[in-house]
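**Q** So here's run-v7.tsv (TSV, C-alpha atoms and all ligand atoms).
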```tsv
chain	number	residue	atom	x	y	z
A	13	MET	CA	-8.38	2.77	-26.05
A	14	ALA	CA	-9.02	1.53	-22.52
A	15	ARG	CA	-11.56	-1.22	-22.00
A	16	SER	CA	-15.02	-0.59	-20.61
A	17	TRP	CA	-15.50	-1.47	-16.95
A	18	LEU	CA	-18.49	-3.56	-18.03
A	19	GLU	CA	-16.05	-6.13	-19.43
A	20	TYR	CA	-15.15	-6.92	-15.81
A	21	LYS	CA	-18.67	-7.15	-14.45
A	22	ALA	CA	-19.39	-10.80	-13.65
A	23	PRO	CA	-23.03	-11.99	-14.02
A	24	ALA	CA	-23.37	-12.86	-10.28
A	25	TRP	CA	-25.95	-10.85	-8.30
A	26	VAL	CA	-24.16	-8.54	-5.85
A	27	GLN	CA	-25.29	-9.55	-2.36
A	28	TRP	CA	-24.05	-6.78	-0.08
A	29	CYS	CA	-26.25	-4.68	2.21
A	30	PRO	CA	-27.54	-1.35	0.84
A	31	GLY	CA	-24.94	1.38	1.43
A	32	CYS	CA	-22.05	-1.04	2.07
A	33	GLY	CA	-18.61	0.44	1.36
A	34	ASP	CA	-17.79	-2.72	-0.60
A	35	PHE	CA	-19.78	-1.32	-3.55
A	36	GLY	CA	-17.42	1.66	-3.76
A	37	ILE	CA	-14.34	-0.56	-3.62
A	38	LEU	CA	-15.76	-2.89	-6.28
A	39	ASN	CA	-16.54	0.09	-8.48
A	40	ALA	CA	-12.97	1.41	-8.05
A	41	ILE	CA	-11.49	-2.02	-8.90
A	42	TYR	CA	-13.62	-2.27	-12.08
A	43	ARG	CA	-12.51	1.15	-13.25
A	44	ALA	CA	-8.84	0.67	-12.30
A	45	VAL	CA	-8.40	-2.62	-14.17
A	46	ALA	CA	-10.35	-1.25	-17.16
A	47	GLU	CA	-8.12	1.83	-17.36
A	48	LEU	CA	-5.03	-0.35	-16.95
A	49	ASP	CA	-6.34	-2.43	-19.87
A	50	ILE	CA	-5.74	-5.76	-18.12
A	51	PRO	CA	-7.37	-8.62	-20.07
A	52	PRO	CA	-9.84	-10.34	-17.69
A	53	GLU	CA	-8.17	-13.73	-18.20
A	54	ARG	CA	-4.89	-12.24	-16.98
A	55	LEU	CA	-6.47	-10.68	-13.92
A	56	VAL	CA	-6.58	-12.78	-10.74
A	57	VAL	CA	-8.59	-11.53	-7.78
A	58	VAL	CA	-7.99	-13.72	-4.74
A	59	GLY	CA	-10.43	-13.31	-1.87
A	60	GLY	CA	-10.59	-14.55	1.67
A	61	ILE	CA	-13.78	-15.36	3.58
A	62	GLY	CA	-15.97	-12.43	4.55
A	63	CYS	CA	-18.34	-10.03	2.81
A	64	SER	CA	-15.19	-8.56	1.22
A	65	GLY	CA	-14.11	-11.95	-0.14
A	66	ARG	CA	-17.23	-12.00	-2.33
A	67	THR	CA	-15.46	-9.51	-4.60
A	68	THR	CA	-14.01	-12.56	-6.37
A	69	PHE	CA	-17.53	-13.46	-7.60
A	70	TYR	CA	-18.25	-10.00	-8.95
A	71	VAL	CA	-15.10	-9.20	-10.95
A	72	LYS	CA	-14.52	-11.17	-14.13
A	73	GLY	CA	-11.08	-12.72	-13.95
A	74	SER	CA	-9.21	-15.96	-13.34
A	75	ASN	CA	-10.16	-15.62	-9.70
A	76	ALA	CA	-9.81	-17.77	-6.61
A	77	HIS	CA	-11.71	-17.79	-3.32
A	78	ALA	CA	-9.43	-19.04	-0.55
A	79	LEU	CA	-10.03	-20.31	2.96
A	80	HIS	CA	-10.43	-17.72	5.72
A	81	GLY	CA	-7.11	-15.85	6.11
A	82	ARG	CA	-5.38	-17.73	3.28
A	83	ALA	CA	-5.85	-15.39	0.34
A	84	ILE	CA	-2.26	-14.13	0.51
A	85	PRO	CA	-0.53	-17.55	0.38
A	86	MET	CA	-2.79	-18.61	-2.50
A	87	ALA	CA	-2.10	-15.35	-4.34
A	88	THR	CA	1.65	-15.77	-3.73
A	89	GLY	CA	1.60	-19.25	-5.28
A	90	ILE	CA	-0.35	-18.01	-8.30
A	91	LYS	CA	1.92	-15.01	-8.83
A	92	LEU	CA	5.15	-16.99	-8.52
A	93	ALA	CA	3.88	-19.70	-10.86
A	94	ARG	CA	2.73	-17.13	-13.46
A	95	PRO	CA	4.44	-13.78	-12.79
A	96	GLU	CA	2.90	-12.15	-15.88
A	97	LEU	CA	-0.57	-12.21	-14.25
A	98	THR	CA	-1.95	-9.24	-12.32
A	99	VAL	CA	-2.79	-10.52	-8.85
A	100	ILE	CA	-5.01	-8.57	-6.45
A	101	VAL	CA	-5.97	-9.76	-2.98
A	102	ALA	CA	-9.35	-8.62	-1.61
A	103	GLY	CA	-9.76	-9.30	2.09
A	104	GLY	CA	-11.40	-8.04	5.25
A	105	ASP	CA	-9.73	-6.78	8.39
A	106	GLY	CA	-10.56	-10.04	10.19
A	107	ASP	CA	-9.37	-12.10	7.26
A	108	LEU	CA	-6.08	-10.30	6.54
A	109	LEU	CA	-5.09	-9.03	9.99
A	110	GLY	CA	-6.75	-11.54	12.34
A	111	ILE	CA	-6.56	-15.15	11.18
A	112	GLY	CA	-4.33	-14.21	8.20
A	113	GLY	CA	-2.02	-11.83	10.08
A	114	GLY	CA	1.09	-14.01	9.72
A	115	HIS	CA	0.63	-14.27	5.97
A	116	PHE	CA	0.10	-10.52	5.75
A	117	VAL	CA	3.53	-9.96	7.33
A	118	ALA	CA	5.20	-12.65	5.18
A	119	LEU	CA	4.11	-10.96	1.96
A	120	GLY	CA	5.82	-7.73	3.01
A	121	ARG	CA	9.07	-9.57	3.79
A	122	ARG	CA	9.01	-11.15	0.35
A	123	ASN	CA	7.89	-8.07	-1.57
A	124	VAL	CA	6.04	-10.24	-4.12
A	125	ASP	CA	4.42	-8.12	-6.83
A	126	ILE	CA	0.85	-8.41	-5.48
A	127	THR	CA	-1.66	-5.69	-4.55
A	128	VAL	CA	-3.49	-6.22	-1.27
A	129	ILE	CA	-6.74	-4.29	-0.79
A	130	LEU	CA	-7.92	-4.29	2.81
A	131	PHE	CA	-11.69	-3.82	3.15
A	132	ASP	CA	-11.44	-2.10	6.53
A	133	ASN	CA	-14.85	-1.84	8.22
A	134	ALA	CA	-13.49	-2.60	11.73
A	135	VAL	CA	-16.01	-5.44	12.20
A	136	TYR	CA	-16.50	-9.04	11.11
A	137	GLY	CA	-19.30	-8.15	8.72
A	138	LEU	CA	-20.20	-11.60	7.43
A	139	THR	CA	-20.48	-13.18	10.88
A	140	LYS	CA	-22.68	-10.37	12.23
A	141	GLY	CA	-20.49	-7.63	13.58
A	142	GLN	CA	-17.92	-8.91	16.09
A	143	ALA	CA	-14.95	-6.58	16.83
A	144	ALA	CA	-12.25	-6.86	14.15
A	145	PRO	CA	-8.53	-6.07	14.71
A	146	THR	CA	-8.98	-2.51	13.38
A	147	LEU	CA	-11.77	-1.52	15.80
A	148	PRO	CA	-10.34	1.10	18.19
A	149	ALA	CA	-10.52	0.41	21.94
A	150	TRP	CA	-13.57	1.61	23.91
A	151	ILE	CA	-15.85	1.75	20.91
A	152	LYS	CA	-19.07	-0.18	21.37
A	153	THR	CA	-20.69	-1.13	18.10
A	154	LYS	CA	-24.18	-2.55	18.20
A	155	ALA	CA	-23.24	-6.25	18.15
A	156	LEU	CA	-20.95	-5.86	21.21
A	157	THR	CA	-22.40	-6.23	24.67
A	158	SER	CA	-19.71	-3.94	26.15
A	159	PRO	CA	-17.04	-1.60	24.71
A	160	ASN	CA	-14.09	-3.16	22.90
A	161	ILE	CA	-11.13	-3.52	25.33
A	162	HIS	CA	-8.60	-4.53	22.66
A	163	ASP	CA	-6.33	-1.92	21.12
A	164	ASN	CA	-6.57	-1.68	17.37
A	165	VAL	CA	-3.80	-2.66	14.98
A	166	ASN	CA	-2.59	0.06	12.62
A	167	PRO	CA	-2.66	-1.59	9.16
A	168	VAL	CA	-0.51	0.97	7.34
A	169	LEU	CA	2.18	0.94	10.04
A	170	LEU	CA	2.14	-2.86	10.08
A	171	ALA	CA	2.49	-3.01	6.29
A	172	PHE	CA	5.38	-0.54	6.41
A	173	SER	CA	7.18	-2.51	9.17
A	174	ALA	CA	6.61	-5.81	7.37
A	175	GLY	CA	8.31	-4.52	4.21
A	176	TYR	CA	5.50	-3.60	1.80
A	177	THR	CA	7.03	-1.14	-0.63
A	178	PHE	CA	3.83	0.75	-1.44
A	179	VAL	CA	1.47	1.74	1.38
A	180	ALA	CA	-1.64	3.85	0.87
A	181	ARG	CA	-5.02	4.58	2.41
A	182	GLY	CA	-8.28	5.28	0.62
A	183	TYR	CA	-11.94	5.75	1.42
A	184	ALA	CA	-14.56	3.43	-0.06
A	185	TYR	CA	-17.01	6.18	-0.98
A	186	HIS	CA	-14.32	8.22	-2.78
A	187	THR	CA	-14.18	5.87	-5.75
A	188	SER	CA	-12.28	8.12	-8.18
A	189	GLN	CA	-9.40	8.71	-5.75
A	190	LEU	CA	-9.45	5.03	-4.78
A	191	LYS	CA	-9.34	3.99	-8.43
A	192	GLU	CA	-6.17	6.07	-8.89
A	193	LEU	CA	-4.57	4.51	-5.79
A	194	ILE	CA	-5.38	1.00	-7.08
A	195	LYS	CA	-3.89	1.82	-10.51
A	196	THR	CA	-0.65	3.08	-8.95
A	197	ALA	CA	-0.47	0.11	-6.57
A	198	VAL	CA	-0.97	-2.40	-9.42
A	199	ARG	CA	1.68	-0.68	-11.56
A	200	HIS	CA	4.17	-0.75	-8.65
A	201	LYS	CA	6.56	-3.72	-8.91
A	202	GLY	CA	6.49	-5.19	-5.41
A	203	ALA	CA	4.08	-5.80	-2.54
A	204	SER	CA	1.55	-2.96	-2.45
A	205	PHE	CA	-1.04	-2.35	0.22
A	206	ILE	CA	-4.13	-0.15	0.34
A	207	ASP	CA	-6.06	0.22	3.58
A	208	VAL	CA	-9.57	1.13	2.42
A	209	LEU	CA	-11.74	2.60	5.16
A	210	GLN	CA	-15.32	1.58	4.62
A	211	PRO	CA	-18.50	2.07	6.59
A	212	CYS	CA	-20.46	-1.09	7.41
A	213	PRO	CA	-23.96	0.43	7.66
A	214	THR	CA	-25.39	-2.79	9.11
A	215	TYR	CA	-22.98	-3.53	12.00
A	216	ASN	CA	-20.65	-0.58	12.56
A	217	ASN	CA	-23.04	2.09	13.82
A	218	VAL	CA	-20.15	4.18	15.25
A	219	MET	CA	-17.65	4.51	12.37
A	220	THR	CA	-20.25	5.78	9.94
A	221	ASN	CA	-19.84	7.85	6.78
A	222	LYS	CA	-20.25	10.97	8.95
A	223	TRP	CA	-17.57	9.70	11.40
A	224	TYR	CA	-15.11	9.21	8.53
A	225	GLU	CA	-16.00	12.41	6.68
A	226	GLU	CA	-15.23	14.42	9.85
A	227	ARG	CA	-11.72	12.92	10.07
A	228	ILE	CA	-10.32	12.02	6.65
A	229	TYR	CA	-8.14	14.34	4.58
A	230	TYR	CA	-5.80	13.82	1.63
A	231	VAL	CA	-2.05	14.30	2.07
A	232	GLY	CA	-0.99	17.45	0.26
A	233	GLU	CA	1.34	17.93	-2.73
A	234	ASP	CA	4.05	19.01	-0.29
A	235	TYR	CA	4.09	15.52	1.24
A	236	ASP	CA	6.66	13.36	-0.58
A	237	PRO	CA	6.44	9.65	0.28
A	238	ILE	CA	8.76	8.42	-2.50
A	239	ILE	CA	12.03	6.74	-1.55
A	240	ARG	CA	14.53	6.68	-4.42
A	241	THR	CA	17.76	6.24	-2.43
A	242	ARG	CA	18.73	5.09	1.08
A	243	GLU	CA	19.52	8.74	1.94
A	244	ASP	CA	15.97	9.62	0.95
A	245	PHE	CA	14.74	7.09	3.47
A	246	LYS	CA	16.61	8.68	6.37
A	247	GLU	CA	15.56	12.16	5.36
A	248	LYS	CA	11.87	11.44	4.76
A	249	LEU	CA	11.29	8.90	7.53
A	250	PRO	CA	10.11	11.37	10.25
A	251	ALA	CA	7.41	12.87	8.00
A	252	ILE	CA	6.36	9.41	6.74
A	253	MET	CA	6.14	8.08	10.32
A	254	GLU	CA	3.94	11.00	11.30
A	255	LYS	CA	1.46	10.14	8.53
A	256	LEU	CA	1.56	6.38	9.20
A	257	LEU	CA	0.84	6.94	12.90
A	258	GLU	CA	-1.93	9.49	12.45
A	259	PHE	CA	-5.33	7.87	13.13
A	260	GLY	CA	-7.77	9.68	15.36
A	261	ASP	CA	-9.29	13.10	14.97
A	262	ARG	CA	-7.53	13.27	11.61
A	263	ILE	CA	-6.91	10.35	9.26
A	264	PRO	CA	-4.63	10.85	6.23
A	265	LEU	CA	-5.56	9.37	2.84
A	266	GLY	CA	-3.40	8.97	-0.26
A	267	ILE	CA	0.02	7.41	-0.89
A	268	LEU	CA	1.76	7.34	2.50
A	269	TYR	CA	4.95	5.43	1.63
A	270	TRP	CA	6.46	4.32	-1.69
A	271	ASP	CA	9.87	2.65	-1.69
A	272	GLN	CA	11.22	2.35	-5.21
A	273	THR	CA	14.61	0.92	-4.23
A	274	LYS	CA	13.86	-2.70	-3.35
A	275	ASP	CA	13.96	-5.79	-5.56
A	276	SER	CA	10.68	-7.67	-5.88
A	277	PHE	CA	10.66	-11.35	-4.89
A	278	GLU	CA	10.48	-12.30	-8.58
A	279	GLU	CA	13.67	-10.30	-9.25
A	280	ARG	CA	15.36	-12.03	-6.31
A	281	LEU	CA	14.30	-15.44	-7.66
A	282	GLU	CA	15.69	-14.54	-11.08
A	283	LYS	CA	19.04	-13.82	-9.40
A	284	ILE	CA	19.28	-17.30	-7.90
A	285	MET	CA	17.46	-19.09	-10.76
A	286	PRO	CA	18.45	-17.40	-14.04
A	287	GLY	CA	15.66	-17.89	-16.62
A	288	TYR	CA	12.89	-17.99	-13.99
A	289	MET	CA	11.02	-15.07	-15.57
A	290	GLN	CA	11.23	-16.55	-19.10
A	291	ALA	CA	10.03	-19.98	-17.99
A	292	PRO	CA	8.24	-19.66	-14.65
A	293	PRO	CA	6.92	-22.89	-13.09
A	294	GLY	CA	3.33	-22.37	-14.29
A	295	THR	CA	4.37	-22.35	-17.96
A	296	ARG	CA	6.70	-25.35	-17.87
A	297	ARG	CA	5.71	-28.57	-19.53
A	298	ILE	CA	5.34	-31.29	-16.94
A	299	SER	CA	3.88	-34.12	-19.04
A	300	VAL	CA	3.77	-35.59	-22.53
A	301	ASP	CA	0.60	-37.45	-23.53
A	302	GLY	CA	-0.50	-37.46	-19.90
A	303	ARG	CA	2.76	-39.04	-18.70
A	304	PRO	CA	4.93	-36.92	-16.37
A	305	ILE	CA	8.26	-35.87	-17.88
A	306	VAL	CA	9.94	-36.19	-14.53
A	307	ASP	CA	9.80	-39.50	-12.74
A	308	PRO	CA	9.05	-38.56	-9.10
A	309	PHE	CA	10.39	-41.91	-7.87
A	310	GLU	CA	13.72	-41.11	-9.54
A	311	VAL	CA	13.82	-37.55	-8.10
A	312	PHE	CA	13.05	-38.67	-4.57
A	313	LYS	CA	14.82	-42.02	-4.63
A	314	ASP	CA	17.38	-40.97	-2.01
A	315	ARG	CA	14.61	-39.83	0.30
A	316	VAL	CA	12.38	-42.86	0.20
A	317	ILE	CA	12.43	-44.83	3.42
A	318	VAL	CA	11.67	-48.46	2.83
A	319	THR	CA	10.47	-50.22	5.94
A	401	LIG	C1	-11.28	-20.97	9.83
A	401	LIG	C2	-12.50	-20.11	9.96
A	401	LIG	N1	-12.73	-19.45	11.12
A	401	LIG	C3	-13.81	-18.64	11.23
A	401	LIG	C4	-14.67	-18.50	10.18
A	401	LIG	C5	-15.90	-17.63	10.35
A	401	LIG	N2	-15.77	-16.36	9.65
A	401	LIG	C6	-16.25	-16.19	8.41
A	401	LIG	S1	-16.01	-14.64	7.83
A	401	LIG	C7	-15.25	-14.18	9.28
A	401	LIG	C8	-14.75	-12.78	9.50
A	401	LIG	C9	-15.16	-11.80	8.48
A	401	LIG	O1	-14.69	-10.52	8.80
A	401	LIG	P1	-13.74	-9.71	7.85
A	401	LIG	O2	-12.58	-10.52	7.45
A	401	LIG	O3	-13.45	-8.40	8.49
A	401	LIG	O4	-14.62	-9.51	6.53
A	401	LIG	P2	-15.95	-8.64	6.30
A	401	LIG	O5	-17.10	-9.62	6.34
A	401	LIG	O6	-16.04	-7.62	7.38
A	401	LIG	O7	-15.74	-8.06	4.94
A	401	LIG	C10	-15.20	-15.23	10.19
A	401	LIG	C11	-14.62	-15.15	11.54
A	401	LIG	C12	-14.39	-19.19	8.98
A	401	LIG	N3	-15.17	-19.05	7.89
A	401	LIG	N4	-13.30	-19.99	8.90
A	402	MG	MG	-14.36	-6.59	8.26
```
Could you show the structure in this file as structure tokens?
**A**
Amino acid sequence: MARSWLEYKAPAWVQWCPGCGDFGILNAIYRAVAELDIPPERLVVVGGIGCSGRTTFYVKGSNAHALHGRAIPMATGIKLARPELTVIVAGGDGDLLGIGGGHFVALGRRNVDITVILFDNAVYGLTKGQAAPTLPAWIKTKALTSPNIHDNVNPVLLAFSAGYTFVARGYAYHTSQLKELIKTAVRHKGASFIDVLQPCPTYNNVMTNKWYEERIYYVGEDYDPIIRTREDFKEKLPAIMEKLLEFGDRIPLGILYWDQTKDSFEERLEKIMPGYMQAPPGTRRISVDGRPIVDPFEVFKDRVIVT
């Protein structure tokens, strides 16, 4: 029997504004990990800095709260040291696509088996509403003195180009659909990405629940985003591109791209380091009675420069 979501509810008081989309995402994470039956000690939620990053305080797990923009490198280290853990990154649009943009791309290139959940409210919520990389041009939210003159980055297209092998979009207030997307993303072996659109009722007074509800729709059963062979890729690419690019009067939700042909980074490591998966770095004994097994002076003796 699946676990109760209450097993994942940490005792910390949830400090988000009333109506924040983060509540919906948190709710979907609780229910997804409960239905996947992941023991809390084997669940690692890594957060960046932002309202979104606070998710690490609210989900019971072996979590980590990284510096601004650095959730992905920390999550990568944790996952590669202990590949049997379920690692989920929770970050904002500023955190993952602004200051952490380079790391976001690097994870796609590596295809490490991590799920990245983007809390996409198009503003820097925690620091009082500045324009984030996903805020479309010419929108003027209430904290801006004039309309935004930057073009917005398209997170799903960026994830696809970077190499993420599972790319989806959800809506924070549709928690049941989002829960299903999170479950599929976590089960996928490789870098998975979910762009979660979320109203910020305090600072984004333009992209409100009404604004989203007028635009969002779910891709239909006739849309097939699954790549099983290289031929599949060529054949399905035009339809996939159309969905990845669509963001305006209509915004597609659901699984947009799912490449099942690529090796994960862990599988690539196993190829060059046979036995890696059986004895990953995080499980190896490094000391006996507090004394290191390996003498670092011996290992680095050829590299020591004596002046
Ligand atoms: C190195 C560094 N630069 C800037 C900040 C200030 N800062 C904190 S959170 C944040 C952005 C938050 O926006 P986002 O990532 O979209 O998260 P949200 O609060 O919207 O969930 C910034 C710029 C910081 N904490 N550290
Ligand atoms: Mg944000």
**Q** Just the number, please: distance in Å from CA of Gly175 in chain A to atom C7 of ligand LIG 401 (chain A), one decimal.
**A**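 Straight-line distance from CA of Gly175 in chain A to atom C7 of ligand LIG 401 (chain A) works out to 26.0 Å.
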**Q** Show me, as a tab-separated table (two decimals) with C-alpha atoms, in the frame of the given file, the residues that have an atom within 10 Å of Gly182 in chain A when counting only C-alpha atoms, minus same-chain residues fewer than 3 positions from it.
**A**
```tsv
chain	number	residue	atom	x	y	z
A	37	ILE	CA	-14.34	-0.56	-3.62
A	129	ILE	CA	-6.74	-4.29	-0.79
A	130	LEU	CA	-7.92	-4.29	2.81
A	132	ASP	CA	-11.44	-2.10	6.53
A	185	TYR	CA	-17.01	6.18	-0.98
A	186	HIS	CA	-14.32	8.22	-2.78
A	187	THR	CA	-14.18	5.87	-5.75
A	189	GLN	CA	-9.40	8.71	-5.75
A	190	LEU	CA	-9.45	5.03	-4.78
A	191	LYS	CA	-9.34	3.99	-8.43
A	192	GLU	CA	-6.17	6.07	-8.89
A	193	LEU	CA	-4.57	4.51	-5.79
A	194	ILE	CA	-5.38	1.00	-7.08
A	206	ILE	CA	-4.13	-0.15	0.34
A	207	ASP	CA	-6.06	0.22	3.58
A	208	VAL	CA	-9.57	1.13	2.42
A	209	LEU	CA	-11.74	2.60	5.16
A	210	GLN	CA	-15.32	1.58	4.62
A	228	ILE	CA	-10.32	12.02	6.65
A	229	TYR	CA	-8.14	14.34	4.58
A	230	TYR	CA	-5.80	13.82	1.63
A	264	PRO	CA	-4.63	10.85	6.23
A	265	LEU	CA	-5.56	9.37	2.84
A	266	GLY	CA	-3.40	8.97	-0.26
A	267	ILE	CA	0.02	7.41	-0.89
```
**Q** Would you mind reading off the distance between CA of Arg82 in chain A and CA of Ala134 in chain A, one decimal, in Å?
**A**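 Separation of CA of Arg82 in chain A and CA of Ala134 in chain A: 19.1 Å.
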**Q** Enumerate residues in contact with ligand MG 402 (chain A): an atom-to-atom distance of at most 7 Å, counting only C-alpha atoms and all ligand atoms. Format the result as a list of chain:residue names.
**A**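 Result of the 7 Å neighbour search around ligand MG 402 (chain A): A:Gly104, A:Asp105, A:Gly106, A:Phe131, A:Asp132, A:Asn133, A:Ala134, A:Val135, A:Tyr136, A:Gly137, A:Ala144.
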**Q** Those same residues, written as a PDB file, in the frame of the given file with C-alpha atoms?
**A**
```pdb
ATOM      1  CA  GLY A 104     -11.400  -8.040   5.250  1.00  0.00           C
ATOM      2  CA  ASP A 105      -9.730  -6.780   8.390  1.00  0.00           C
ATOM      3  CA  GLY A 106     -10.560 -10.040  10.190  1.00  0.00           C
ATOM      4  CA  PHE A 131     -11.690  -3.820   3.150  1.00  0.00           C
ATOM      5  CA  ASP A 132     -11.440  -2.100   6.530  1.00  0.00           C
ATOM      6  CA  ASN A 133     -14.850  -1.840   8.220  1.00  0.00           C
ATOM      7  CA  ALA A 134     -13.490  -2.600  11.730  1.00  0.00           C
ATOM      8  CA  VAL A 135     -16.010  -5.440  12.200  1.00  0.00           C
ATOM      9  CA  TYR A 136     -16.500  -9.040  11.110  1.00  0.00           C
ATOM     10  CA  GLY A 137     -19.300  -8.150   8.720  1.00  0.00           C
ATOM     11  CA  ALA A 144     -12.250  -6.860  14.150  1.00  0.00           C
TER      12      ALA A 144
END
```
**Q** With a cut-off of 10 Å, could you pull out the residues of chain A touching ligand LIG 401 (chain A) and give me the nearest pair of atoms for each, distance in Å to one decimal, using all atoms listed in the file, ordered by chain and ascending number, as a tab-separated table?
**A**
```
residue	atom	partner	partner_atom	distance
A:Trp28	CA	A:LIG401	O7	9.8
A:Cys32	CA	A:LIG401	O7	9.9
A:Gly33	CA	A:LIG401	O7	9.7
A:Asp34	CA	A:LIG401	O7	8.0
A:Gly59	CA	A:LIG401	O2	10.0
A:Gly60	CA	A:LIG401	O2	7.3
A:Ile61	CA	A:LIG401	S1	4.9
A:Gly62	CA	A:LIG401	O5	3.5
A:Cys63	CA	A:LIG401	O5	3.8
A:Ser64	CA	A:LIG401	O7	3.8
A:Gly65	CA	A:LIG401	O7	6.6
A:Arg66	CA	A:LIG401	O7	8.4
A:Thr67	CA	A:LIG401	O7	9.7
A:Leu79	CA	A:LIG401	N4	6.8
A:His80	CA	A:LIG401	N4	4.8
A:Gly81	CA	A:LIG401	C1	7.6
A:Arg82	CA	A:LIG401	C1	9.4
A:Ala102	CA	A:LIG401	O7	9.2
A:Gly103	CA	A:LIG401	O2	6.2
A:Gly104	CA	A:LIG401	O2	3.5
A:Asp105	CA	A:LIG401	O3	4.1
A:Gly106	CA	A:LIG401	O2	3.4
A:Asp107	CA	A:LIG401	O2	3.6
A:Leu108	CA	A:LIG401	O2	6.6
A:Leu109	CA	A:LIG401	O2	8.0
A:Gly110	CA	A:LIG401	O2	7.7
A:Ile111	CA	A:LIG401	N1	7.5
A:Gly112	CA	A:LIG401	O2	9.1
A:Leu130	CA	A:LIG401	O3	8.9
A:Phe131	CA	A:LIG401	O7	6.1
A:Asp132	CA	A:LIG401	O3	6.9
A:Asn133	CA	A:LIG401	O6	6.0
A:Ala134	CA	A:LIG401	O3	6.6
A:Val135	CA	A:LIG401	O6	5.3
A:Tyr136	CA	A:LIG401	O1	3.3
A:Gly137	CA	A:LIG401	O5	3.6
A:Leu138	CA	A:LIG401	O5	3.8
A:Thr139	CA	A:LIG401	C7	5.6
A:Lys140	CA	A:LIG401	O5	8.1
A:Gly141	CA	A:LIG401	O6	7.6
A:Gln142	CA	A:LIG401	O1	8.1
A:Ala143	CA	A:LIG401	O3	8.7
A:Ala144	CA	A:LIG401	O3	6.0
A:Pro145	CA	A:LIG401	O3	8.3
A:Thr146	CA	A:LIG401	O3	8.9
A:Gln210	CA	A:LIG401	O6	9.6
A:Cys212	CA	A:LIG401	O6	7.9
A:Tyr215	CA	A:LIG401	O6	9.3
A:Asn216	CA	A:LIG401	O6	9.9
```
**Q** Box in all listed atoms of range 162-178 of chain A, axis-aligned, with 5 Å more on each side; write out centre and edge lengths in Å to one decimal as AutoDock Vina command-line options.
**A**
```
--center_x -0.1 --center_y -2.4 --center_z 10.6 --size_x 26.9 --size_y 16.8 --size_z 34.1
```
**Q** Under the rule that all atoms listed in the file are counted, which of A:Thr98, A:Ser276, A:Gly113, A:Ser204 is the nearest residue to Val165 in chain A?
**A** A:Gly113
**Q** Closest to Leu156 in chain A among A:Leu119, A:Val218, A:Val179, A:Val300, using only C-alpha atoms?
**A** A:Val218
